[in-house]
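Here's coords.cif, which has mmCIF, C-alpha atoms:
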```cif
data_input
loop_
_atom_site.label_atom_id
_atom_site.label_comp_id
_atom_site.auth_asym_id
_atom_site.auth_seq_id
_atom_site.Cartn_x
_atom_site.Cartn_y
_atom_site.Cartn_z
CA ASP A 1 0.00 0.00 0.00
CA ALA A 2 1.20 3.49 -0.80
CA LYS A 3 2.17 5.45 2.27
CA THR A 4 0.80 8.75 3.56
CA THR A 5 2.55 11.32 5.76
CA GLN A 6 0.69 13.68 8.08
CA PRO A 7 1.75 16.10 10.83
CA ASN A 8 1.35 14.65 14.31
CA SER A 9 -0.86 17.42 15.64
CA MET A 10 -2.48 20.75 14.85
CA GLU A 11 -4.27 23.36 16.90
CA SER A 12 -7.10 25.62 15.85
CA ASN A 13 -9.42 28.13 17.41
CA GLU A 14 -13.13 27.47 17.41
CA GLU A 15 -14.97 28.78 14.33
CA GLU A 16 -11.74 29.17 12.36
CA PRO A 17 -10.83 27.02 9.35
CA VAL A 18 -8.49 24.06 9.72
CA HIS A 19 -6.27 22.86 6.88
CA LEU A 20 -4.91 19.35 7.35
CA PRO A 21 -2.16 18.36 4.89
CA CYS A 22 -1.35 14.87 3.68
CA ASN A 23 1.57 13.83 1.50
CA HIS A 24 1.30 10.74 -0.65
CA SER A 25 4.11 10.96 -3.17
CA THR A 26 3.91 7.27 -4.16
CA ILE A 27 0.19 7.33 -4.96
CA SER A 28 -0.84 5.24 -7.96
CA GLY A 29 -3.33 6.19 -10.60
CA THR A 30 -5.95 3.83 -9.13
CA ASP A 31 -5.73 5.04 -5.51
CA TYR A 32 -8.61 6.96 -3.98
CA ILE A 33 -7.75 9.42 -1.20
CA HIS A 34 -9.91 8.81 1.87
CA TRP A 35 -10.19 10.77 5.09
CA TYR A 36 -11.59 9.39 8.34
CA ARG A 37 -11.60 10.76 11.85
CA GLN A 38 -11.77 9.08 15.22
CA LEU A 39 -12.93 10.52 18.51
CA PRO A 40 -11.69 8.90 21.73
CA SER A 41 -13.20 5.48 22.42
CA GLN A 42 -15.33 5.59 19.27
CA GLY A 43 -15.19 3.93 15.89
CA PRO A 44 -13.73 5.89 12.99
CA GLU A 45 -16.09 8.14 11.07
CA TYR A 46 -15.91 8.65 7.31
CA VAL A 47 -15.25 12.26 6.34
CA ILE A 48 -14.67 12.49 2.61
CA HIS A 49 -12.89 10.88 -0.33
CA GLY A 50 -11.82 11.75 -3.85
CA LEU A 51 -9.80 10.59 -6.83
CA THR A 52 -8.64 13.59 -8.88
CA SER A 53 -11.04 16.50 -8.50
CA ASN A 54 -11.69 18.57 -5.40
CA VAL A 55 -14.67 17.36 -3.39
CA ASN A 56 -17.09 19.05 -1.00
CA ASN A 57 -19.63 17.61 1.39
CA ARG A 58 -21.44 18.79 4.49
CA MET A 59 -18.53 17.91 6.74
CA ALA A 60 -15.48 19.15 4.85
CA SER A 61 -13.72 19.87 1.57
CA LEU A 62 -10.92 17.89 -0.01
CA ALA A 63 -8.39 19.71 -2.17
CA ILE A 64 -6.23 17.41 -4.30
CA ALA A 65 -3.01 18.65 -5.89
CA GLU A 66 -2.81 18.49 -9.65
CA ASP A 67 -0.08 15.83 -9.52
CA ARG A 68 -2.05 14.00 -6.78
CA LYS A 69 1.03 13.70 -4.59
CA SER A 70 -0.59 15.67 -1.80
CA SER A 71 -4.03 16.65 -0.56
CA THR A 72 -5.56 18.91 2.07
CA LEU A 73 -8.64 18.32 4.19
CA ILE A 74 -10.38 21.58 4.99
CA LEU A 75 -12.74 22.00 7.92
CA HIS A 76 -14.35 25.33 7.18
CA ARG A 77 -15.36 26.33 10.72
CA ALA A 78 -13.92 24.17 13.47
CA THR A 79 -16.13 23.29 16.41
CA LEU A 80 -15.21 21.56 19.64
CA ARG A 81 -16.79 18.41 18.24
CA ASP A 82 -14.15 18.39 15.48
CA ALA A 83 -11.39 17.58 17.97
CA ALA A 84 -10.27 14.13 16.87
CA VAL A 85 -7.50 12.20 15.14
CA TYR A 86 -7.77 12.60 11.37
CA TYR A 87 -6.45 9.88 9.10
CA CYS A 88 -5.52 10.21 5.44
CA ILE A 89 -5.68 6.82 3.72
CA LEU A 90 -5.13 5.61 0.17
CA ARG A 91 -7.36 2.85 -1.17
CA ASP A 92 -6.98 1.11 -4.50
CA ILE A 93 -10.07 1.27 -6.71
CA LEU A 94 -10.37 -2.51 -6.88
CA ARG A 95 -8.14 -4.00 -4.22
CA GLY A 96 -8.70 -1.51 -1.40
CA ASN A 97 -10.58 -3.78 0.95
CA LYS A 98 -8.83 -2.63 4.07
CA LEU A 99 -8.17 0.73 5.59
CA THR A 100 -4.50 1.06 6.54
CA PHE A 101 -4.32 3.68 9.24
CA GLY A 102 -1.08 5.58 9.81
CA GLY A 103 -0.43 7.89 12.75
CA GLY A 104 -2.94 10.54 11.73
CA THR A 105 -3.12 14.17 12.84
CA ARG A 106 -4.49 14.97 16.27
CA VAL A 107 -6.57 18.15 16.01
CA LEU A 108 -7.08 20.27 19.09
CA VAL A 109 -9.79 22.92 18.95
CA LYS A 110 -9.52 25.74 21.46
CA PRO A 111 -12.65 27.61 22.56
CA ASP B 30 -32.25 4.63 11.51
CA GLY B 31 -29.72 2.87 9.29
CA GLY B 32 -26.41 1.89 10.79
CA ILE B 33 -24.15 -0.69 12.32
CA THR B 34 -24.62 -2.10 15.78
CA GLN B 35 -22.10 -4.00 17.83
CA SER B 36 -22.76 -5.78 21.05
CA PRO B 37 -21.82 -5.86 23.78
CA LYS B 38 -19.98 -2.55 24.30
CA TYR B 39 -17.74 -4.06 27.00
CA LEU B 40 -16.87 -7.72 27.32
CA PHE B 41 -14.80 -9.55 29.89
CA ARG B 42 -13.50 -13.03 29.30
CA LYS B 43 -11.49 -15.50 31.25
CA GLU B 44 -8.32 -16.77 29.66
CA GLY B 45 -8.95 -19.91 27.60
CA GLN B 46 -12.58 -19.11 26.74
CA ASN B 47 -13.94 -18.46 23.28
CA VAL B 48 -16.14 -15.39 22.89
CA THR B 49 -18.31 -14.15 20.01
CA LEU B 50 -18.73 -10.46 19.15
CA SER B 51 -21.87 -9.43 17.33
CA CYS B 52 -22.06 -7.09 14.32
CA GLU B 53 -25.30 -6.24 12.53
CA GLN B 54 -25.97 -3.71 9.75
CA ASN B 55 -29.20 -2.57 8.13
CA LEU B 56 -27.55 -0.53 5.38
CA ASN B 57 -27.96 -3.31 2.80
CA HIS B 58 -24.19 -3.33 2.33
CA ASP B 59 -22.52 -6.28 0.66
CA ALA B 60 -19.09 -5.92 2.28
CA MET B 61 -18.32 -6.22 5.99
CA TYR B 62 -15.05 -6.00 7.93
CA TRP B 63 -13.56 -6.68 11.34
CA TYR B 64 -10.68 -4.60 12.68
CA ARG B 65 -8.70 -4.63 15.86
CA GLN B 66 -7.28 -1.51 17.51
CA ASP B 67 -4.72 -1.50 20.31
CA PRO B 68 -4.14 1.59 22.50
CA GLY B 69 -2.55 4.45 20.57
CA GLN B 70 -2.42 2.41 17.37
CA GLY B 71 -4.21 2.35 14.05
CA LEU B 72 -6.69 -0.29 12.92
CA ARG B 73 -5.58 -3.70 11.68
CA LEU B 74 -7.81 -5.87 9.50
CA ILE B 75 -8.79 -9.27 10.90
CA TYR B 76 -11.31 -10.59 8.34
CA TYR B 77 -13.49 -9.20 5.60
CA SER B 78 -16.41 -10.47 3.58
CA GLN B 79 -17.48 -9.12 0.21
CA ILE B 80 -20.58 -11.26 -0.11
CA VAL B 81 -22.71 -13.71 1.84
CA ASN B 82 -21.08 -17.11 2.47
CA ASP B 83 -17.65 -15.81 1.53
CA PHE B 84 -14.92 -14.23 3.63
CA GLN B 85 -11.19 -13.62 3.44
CA LYS B 86 -8.39 -13.38 6.00
CA GLY B 87 -6.94 -10.00 6.72
CA ASP B 88 -3.54 -9.17 8.15
CA ILE B 89 -4.03 -10.69 11.62
CA ALA B 90 -6.56 -13.55 11.26
CA GLU B 91 -4.78 -16.08 13.49
CA GLY B 92 -6.87 -16.94 16.54
CA TYR B 93 -10.07 -15.52 15.08
CA SER B 94 -12.96 -16.98 13.09
CA VAL B 95 -15.98 -15.49 11.31
CA SER B 96 -19.13 -16.51 9.49
CA ARG B 97 -21.34 -14.71 6.98
CA GLU B 98 -24.60 -16.63 6.73
CA LYS B 99 -26.76 -13.52 6.35
CA LYS B 100 -26.08 -10.27 4.54
CA GLU B 101 -26.73 -8.16 7.63
CA SER B 102 -24.66 -10.15 10.12
CA PHE B 103 -20.91 -10.82 10.46
CA PRO B 104 -20.06 -12.26 13.91
CA LEU B 105 -16.46 -12.57 15.05
CA THR B 106 -15.29 -15.32 17.40
CA VAL B 107 -12.15 -14.72 19.41
CA THR B 108 -10.80 -18.15 20.20
CA SER B 109 -8.52 -19.29 22.99
CA ALA B 110 -5.78 -19.55 20.36
CA GLN B 111 -5.57 -15.75 20.14
CA LYS B 112 -2.57 -14.98 22.31
CA ASN B 113 -3.32 -11.36 23.17
CA PRO B 114 -7.05 -10.74 22.66
CA THR B 115 -7.49 -7.68 24.87
CA ALA B 116 -8.27 -4.87 22.42
CA PHE B 117 -10.93 -2.62 20.91
CA TYR B 118 -12.79 -4.45 18.12
CA LEU B 119 -14.47 -2.53 15.33
CA CYS B 120 -16.88 -3.77 12.70
CA ALA B 121 -17.45 -1.89 9.46
CA SER B 122 -19.47 -2.24 6.29
CA SER B 123 -19.43 -0.75 2.81
CA LEU B 124 -21.60 -0.88 -0.27
CA GLY B 125 -18.90 -2.91 -2.01
CA GLY B 126 -15.22 -3.60 -1.71
CA GLY B 127 -12.56 -1.40 -3.24
CA GLY B 128 -11.56 2.21 -2.97
CA ARG B 129 -14.68 3.82 -4.40
CA ASN B 130 -16.76 3.05 -1.33
CA GLU B 131 -16.49 4.50 2.12
CA GLN B 132 -16.63 2.25 5.16
CA PHE B 133 -19.10 2.87 7.96
CA PHE B 134 -18.09 1.80 11.44
CA GLY B 135 -19.95 0.52 14.46
CA PRO B 136 -19.33 1.83 17.98
CA GLY B 137 -16.92 -1.00 18.83
CA THR B 138 -16.60 -3.68 21.50
CA ARG B 139 -13.90 -3.40 24.10
CA LEU B 140 -12.73 -6.91 25.05
CA THR B 141 -10.72 -7.52 28.20
CA VAL B 142 -9.25 -10.89 29.02
CA LEU B 143 -8.84 -11.45 32.74
#
```

Take the structure I supplied and represent it as structure tokens, if you would.
Amino acid sequence: DAKTTQPNSMESNEEEPVHLPCNHSTISGTDYIHWYRQLPSQGPEYVIHGLTSNVNNRMASLAIAEDRKSSTLILHRATLRDAAVYYCILRDILRGNKLTFGGGTRVLVKP
Amino acid sequence: DGGITQSPKYLFRKEGQNVTLSCEQNLNHDAMYWYRQDPGQGLRLIYYSQIVNDFQKGDIAEGYSVSREKKESFPLTVTSAQKNPTAFYLCASSLGGGGRNEQFFGPGTRLTVL
């Protein structure tokens, strides 16, 4: 599986945007970029995923670099509920049956 | 409400006993998964099933067994052969396998072996 690299932690103030970077320089043409988050003692929660184009949903936006070697998850207005560990994961279009979680980025939201 | 349920939330087991963890989904998803998470670590895949009556080993299947007799159910048995079973167990499902589909997770079962 291609590897992803994320910062260990980030801090944000409540109601400010949060930009979470992810590097994936060895991504293949058939890898989707997935983002999940996990709150303490809970199961992971799907956030967003994309292949080549930028994606928006009610939770976040995903900006994918033109060469696809990096991406950024954007939380437009952070709330206290957004404090979690965020994981950037690559999944092959056909063979991506498992989610391989790396270290993720721990997001702290300050009131 | 559609979703995935896991029971029980907490489970205690004596060493040497088998125990079965329940996972049910009403999302009409074909694919289901079992993961294990140890403290401060990411998830590791135990077993997955892409269709009823079929399942495949994941990265750490030793000491575990599963069945998939119904689309909505994918129970996991932790056998006495599993050397270090204390962990947080997570069940997930997706519309199909592969990278196009997101996985939806249950709340998890925390297993402690005494």

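Here the PyMOL selection byres ((chain A) within 6 of (chain B)) captures the residues Tyr32, Gln42, Gly43, Arg91, Asp92, Ile93, Leu94, Arg95, Gly96, Asn97 and Phe101 of chain A.
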
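Selection by the PyMOL selection byres ((chain B and resi 106) around 12) on the present file picks out Gln46, Asn47, Val48, Thr49, Leu50, Ser51, Cys52, Trp63, Ile75, Tyr76, Ala90, Glu91, Gly92, Tyr93, Ser94, Val95, Ser96, Phe103, Pro104, Leu105, Val107, Thr108, Ser109, Ala110, Gln111, Pro114, Tyr118 and Leu140 of chain B.
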
Test item: the PyMOL selection byres ((chain A and resi 46) around 10) resolved as an mmCIF file with C-alpha atoms, in the coordinates of the input:
```cif
data_model
loop_
_atom_site.group_PDB
_atom_site.id
_atom_site.type_symbol
_atom_site.label_atom_id
_atom_site.label_comp_id
_atom_site.auth_asym_id
_atom_site.auth_seq_id
_atom_site.Cartn_x
_atom_site.Cartn_y
_atom_site.Cartn_z
ATOM 1 C CA HIS A 34 -9.910 8.810 1.870
ATOM 2 C CA TRP A 35 -10.190 10.770 5.090
ATOM 3 C CA TYR A 36 -11.590 9.390 8.340
ATOM 4 C CA ARG A 37 -11.600 10.760 11.850
ATOM 5 C CA GLN A 38 -11.770 9.080 15.220
ATOM 6 C CA GLY A 43 -15.190 3.930 15.890
ATOM 7 C CA PRO A 44 -13.730 5.890 12.990
ATOM 8 C CA GLU A 45 -16.090 8.140 11.070
ATOM 9 C CA VAL A 47 -15.250 12.260 6.340
ATOM 10 C CA ILE A 48 -14.670 12.490 2.610
ATOM 11 C CA HIS A 49 -12.890 10.880 -0.330
ATOM 12 C CA MET A 59 -18.530 17.910 6.740
ATOM 13 C CA TYR A 86 -7.770 12.600 11.370
ATOM 14 C CA TYR A 87 -6.450 9.880 9.100
ATOM 15 C CA GLU B 131 -16.490 4.500 2.120
ATOM 16 C CA GLN B 132 -16.630 2.250 5.160
ATOM 17 C CA PHE B 133 -19.100 2.870 7.960
ATOM 18 C CA PHE B 134 -18.090 1.800 11.440
#
```

Computed interatomic separation between CA of Gly50 in chain A and CA of Ile64 in chain A (Å):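 Value for the CA of Gly50 in chain A-CA of Ile64 in chain A distance: 8.0 Å.
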
Once you count all atoms listed in the file, what closest atom pair and distance in Å to one decimal does each residue of range 23-78 of chain A within 6 Å of range 7-19 of chain A have, with rows by chain and rising residue number, as a tab-separated table?
```
residue	atom	partner	partner_atom	distance
A:Leu73	CA	A:His19	CA	5.8
A:Ile74	CA	A:His19	CA	4.7
A:Leu75	CA	A:Val18	CA	5.1
A:His76	CA	A:Pro17	CA	4.5
A:Arg77	CA	A:Glu15	CA	4.4
A:Ala78	CA	A:Glu15	CA	4.8
```

Based on the selection just made, write C-alpha atoms of those residues as a CSV table (one decimal), in the coordinates of the input.
```
chain,number,residue,atom,x,y,z
A,73,LEU,CA,-8.6,18.3,4.2
A,74,ILE,CA,-10.4,21.6,5.0
A,75,LEU,CA,-12.7,22.0,7.9
A,76,HIS,CA,-14.4,25.3,7.2
A,77,ARG,CA,-15.4,26.3,10.7
A,78,ALA,CA,-13.9,24.2,13.5
```

Selected residue of minimal separation from Ser36 in chain B among B:Ser102, B:Asn57, B:Asn113, B:Gln85, counting only C-alpha atoms: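 Answer, going by the shortest atom-to-atom distance: B:Ser102.
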
Atomic distance CA of Asp67 in chain B - CA of Glu101 in chain B, expressed in Å with one decimal: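 Taking CA of Asp67 in chain B as the start and CA of Glu101 in chain B as the end point, the length is 26.3 Å.
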
d(CA of Leu20 in chain A, CA of Ala116 in chain B) in Å: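 We find that CA of Leu20 in chain A and CA of Ala116 in chain B lie 28.7 Å from each other.
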
A:Ser70, A:Ser53, A:Ser61, A:Thr79 ranked by distance to Val109 in chain A, top pick (using all atoms listed in the file): A:Thr79

For Ile80 in chain B: contacts at 8 Å, all atoms listed in the file, fewer than 5 positions along chain excluded, given as an MDAnalysis selection string: chainID B and resid 59:60 97 100
